[in-house]
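Written out below as structure tokens is the structure these notes cover.
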Amino acid sequence: MFGQDRTRLRHFYLACWSKRQSGAALEPIERIVVDVVERHPEYQRYLRPEALDRDWTPEHGETNPFLHMGMHVALAEQLQADNPPGLRSRYQAISRKHGRDNHAAEHAMMECLGLVLWEAQRQGRLPDQQALLD
């Protein structure tokens with residue numbers, strides 16, 4: 001959405017959440033972001049200007065809330081477009097496996113998405129869509 005500009009991306013999350021709080025109309029991508037934020041109340045406290053520059057490091061056992069929510073948003077966009085083809089049916093099968101708990105299914109799929117993205121970045125290539133499906 002904003003490439004490597006984490007500041008712009010974080011401000012976008014803040015703006016989406018502010019619009020939700022005020023009852024303003026939301027664009028489709030803003031609705032996706034707001035849905036993710038609503039399903040993560042533990043991260044809502046970071047949607048304020050003074051938290052936007054904070055770093056979260058795995059070395060300190062921390063999960064970056066913006067990265068986590070961003071993975072949900074990326075997956076939601078992929079599912080809407082069924083891209084790569086067949087992803088949506090795989091999601092539905094994983095959701096059934098998790099007792100129709102869509103959030104748990106997303107987390108399972110995000111593990112795969114994270115690995116595929118890490119491999120692509122490490123190897124300097126585009127993400128392997130077949131690996132994601134596998």
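Each chain of the structure tokens is named A, B, ... in the order shown, its residues numbered from 1; ligands are numbered from 1 in display order.
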
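Shell of region 107-118 of chain A at 8 Å, with only C-alpha atoms counted and residues fewer than 5 places along the chain excluded, is Met71, His72, Leu75, Tyr91, Ile94, Pro127, Asp128, Ala131 and Leu132 of chain A.
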
Residues of region 10-128 of chain A classed as helix (DSSP H, G or I) by DSSP on the backbone are to be reported as a ChimeraX atom specification. /A:10-22,28-38,41-46,49-51,58-60,65-81,87-97,102-123

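When the distance limit is 12 Å and only C-alpha atoms are what count, the residues near Ala51 (chain A), minus those fewer than 4 positions from it on the same chain, are Thr7, Arg10, His11, Tyr13, Leu14, Tyr43, Gln44, Arg45, Tyr46, Leu47, Asp55, Trp56, Asn64, Pro65 and Phe66 of chain A.
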
Give me a file of those residues, with all heavy atoms, as a compact mmCIF listing (two decimals), in the first residue's frame.
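What landed in out34.txt:
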# COMPACT_ATOMS: atom_id res chain seq x y z
N THR A 7 5.94 5.06 8.25
CA THR A 7 5.28 6.21 8.87
C THR A 7 3.95 6.48 8.18
O THR A 7 2.92 6.65 8.84
CB THR A 7 6.18 7.45 8.83
OG1 THR A 7 7.40 7.15 9.52
CG2 THR A 7 5.51 8.65 9.48
N ARG A 10 1.47 3.66 9.03
CA ARG A 10 0.95 3.77 10.39
C ARG A 10 -0.04 4.93 10.52
O ARG A 10 -1.05 4.81 11.21
CB ARG A 10 2.10 3.90 11.38
CG ARG A 10 2.88 2.60 11.52
CD ARG A 10 4.04 2.74 12.46
NE ARG A 10 4.75 1.47 12.58
CZ ARG A 10 5.69 1.24 13.48
NH1 ARG A 10 6.04 2.18 14.33
NH2 ARG A 10 6.28 0.06 13.53
N HIS A 11 0.26 6.03 9.85
CA HIS A 11 -0.68 7.16 9.86
C HIS A 11 -2.00 6.77 9.18
O HIS A 11 -3.07 7.23 9.60
CB HIS A 11 -0.07 8.40 9.21
CG HIS A 11 0.82 9.17 10.13
ND1 HIS A 11 0.34 10.03 11.08
CD2 HIS A 11 2.17 9.19 10.25
CE1 HIS A 11 1.34 10.56 11.75
NE2 HIS A 11 2.47 10.05 11.27
N TYR A 13 -3.36 3.77 9.23
CA TYR A 13 -4.10 3.01 10.23
C TYR A 13 -4.77 3.94 11.23
O TYR A 13 -5.94 3.76 11.58
CB TYR A 13 -3.17 2.04 10.97
CG TYR A 13 -2.96 0.73 10.27
CD1 TYR A 13 -2.17 0.63 9.14
CD2 TYR A 13 -3.56 -0.42 10.74
CE1 TYR A 13 -1.98 -0.57 8.49
CE2 TYR A 13 -3.37 -1.64 10.11
CZ TYR A 13 -2.59 -1.69 8.98
OH TYR A 13 -2.41 -2.89 8.33
N LEU A 14 -4.02 4.91 11.69
CA LEU A 14 -4.56 5.88 12.63
C LEU A 14 -5.73 6.64 12.02
O LEU A 14 -6.77 6.81 12.67
CB LEU A 14 -3.46 6.85 13.07
CG LEU A 14 -3.87 7.97 14.03
CD1 LEU A 14 -4.35 7.40 15.35
CD2 LEU A 14 -2.70 8.91 14.25
N TYR A 43 -4.32 -4.09 20.25
CA TYR A 43 -3.47 -3.18 19.49
C TYR A 43 -4.06 -1.78 19.34
O TYR A 43 -3.40 -0.87 18.86
CB TYR A 43 -3.19 -3.75 18.09
CG TYR A 43 -2.40 -5.03 18.08
CD1 TYR A 43 -2.56 -5.93 17.05
CD2 TYR A 43 -1.50 -5.34 19.09
CE1 TYR A 43 -1.82 -7.12 17.02
CE2 TYR A 43 -0.77 -6.51 19.07
CZ TYR A 43 -0.93 -7.40 18.04
OH TYR A 43 -0.22 -8.56 18.00
N GLN A 44 -5.30 -1.60 19.72
CA GLN A 44 -5.96 -0.32 19.53
C GLN A 44 -5.26 0.81 20.28
O GLN A 44 -5.25 1.95 19.82
CB GLN A 44 -7.42 -0.41 19.92
CG GLN A 44 -8.21 -1.30 18.99
CD GLN A 44 -9.62 -1.57 19.45
OE1 GLN A 44 -10.11 -0.98 20.40
NE2 GLN A 44 -10.29 -2.49 18.77
N ARG A 45 -4.60 0.49 21.37
CA ARG A 45 -3.91 1.52 22.16
C ARG A 45 -2.72 2.13 21.40
O ARG A 45 -2.24 3.19 21.77
CB ARG A 45 -3.45 0.95 23.49
CG ARG A 45 -2.45 -0.15 23.36
CD ARG A 45 -2.14 -0.79 24.68
NE ARG A 45 -1.46 -2.04 24.47
CZ ARG A 45 -0.58 -2.54 25.29
NH1 ARG A 45 -0.29 -1.90 26.41
NH2 ARG A 45 0.00 -3.68 25.03
N TYR A 46 -2.25 1.46 20.37
CA TYR A 46 -1.13 1.98 19.58
C TYR A 46 -1.58 2.90 18.45
O TYR A 46 -0.75 3.44 17.74
CB TYR A 46 -0.31 0.83 19.00
CG TYR A 46 0.26 -0.06 20.07
CD1 TYR A 46 -0.07 -1.40 20.14
CD2 TYR A 46 1.12 0.45 21.05
CE1 TYR A 46 0.45 -2.21 21.13
CE2 TYR A 46 1.64 -0.35 22.04
CZ TYR A 46 1.30 -1.69 22.07
OH TYR A 46 1.81 -2.49 23.07
N LEU A 47 -2.87 3.07 18.30
CA LEU A 47 -3.39 3.92 17.22
C LEU A 47 -3.58 5.34 17.72
O LEU A 47 -4.67 5.89 17.76
CB LEU A 47 -4.69 3.33 16.67
CG LEU A 47 -4.51 1.97 16.01
CD1 LEU A 47 -5.84 1.36 15.65
CD2 LEU A 47 -3.61 2.07 14.80
N ASP A 55 9.34 1.18 17.97
CA ASP A 55 9.84 -0.05 17.35
C ASP A 55 9.49 -1.22 18.25
O ASP A 55 9.54 -1.11 19.48
CB ASP A 55 11.36 0.01 17.19
CG ASP A 55 11.79 0.99 16.12
OD1 ASP A 55 11.16 1.01 15.05
OD2 ASP A 55 12.76 1.73 16.38
N TRP A 56 9.14 -2.33 17.65
CA TRP A 56 8.89 -3.58 18.37
C TRP A 56 9.89 -4.58 17.84
O TRP A 56 10.02 -4.76 16.62
CB TRP A 56 7.47 -4.09 18.11
CG TRP A 56 6.42 -3.28 18.79
CD1 TRP A 56 5.89 -3.52 20.02
CD2 TRP A 56 5.75 -2.13 18.30
NE1 TRP A 56 4.95 -2.57 20.32
CE2 TRP A 56 4.83 -1.71 19.27
CE3 TRP A 56 5.84 -1.39 17.12
CZ2 TRP A 56 4.01 -0.60 19.13
CZ3 TRP A 56 5.03 -0.28 16.97
CH2 TRP A 56 4.12 0.10 17.96
N ASN A 64 5.18 -6.80 16.57
CA ASN A 64 4.87 -5.49 15.99
C ASN A 64 3.40 -5.49 15.60
O ASN A 64 2.99 -6.22 14.69
CB ASN A 64 5.76 -5.27 14.77
CG ASN A 64 5.52 -3.93 14.10
OD1 ASN A 64 4.42 -3.39 14.14
ND2 ASN A 64 6.55 -3.42 13.48
N PRO A 65 2.57 -4.69 16.28
CA PRO A 65 1.14 -4.71 15.99
C PRO A 65 0.81 -4.26 14.56
O PRO A 65 -0.13 -4.77 13.97
CB PRO A 65 0.54 -3.75 17.02
CG PRO A 65 1.67 -2.90 17.48
CD PRO A 65 2.91 -3.72 17.32
N PHE A 66 1.59 -3.34 14.02
CA PHE A 66 1.33 -2.87 12.67
C PHE A 66 1.69 -3.95 11.64
O PHE A 66 0.99 -4.11 10.65
CB PHE A 66 2.07 -1.56 12.39
CG PHE A 66 1.54 -0.43 13.22
CD1 PHE A 66 2.20 -0.03 14.36
CD2 PHE A 66 0.38 0.23 12.86
CE1 PHE A 66 1.71 1.02 15.14
CE2 PHE A 66 -0.12 1.27 13.62
CZ PHE A 66 0.55 1.67 14.77

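Our summary of the geometry notes that CA of Arg20 (chain A) is positioned 7.0 Å from CA of Val34 (chain A).
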
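What separates CA of Arg88 (chain A) from CA of Ala25 (chain A) is a distance of 27.5 Å.
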
If we count only C-alpha atoms, what is near Leu133 (chain A) at a cut-off of 8 Å, once residues fewer than 3 positions away on the same chain are taken out, given as a PyMOL selection string? chain A and resi 84+86-87+90+129-130

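Relative to CA of Ile29 (chain A), CA of Cys16 (chain A) is found at 9.1 Å.
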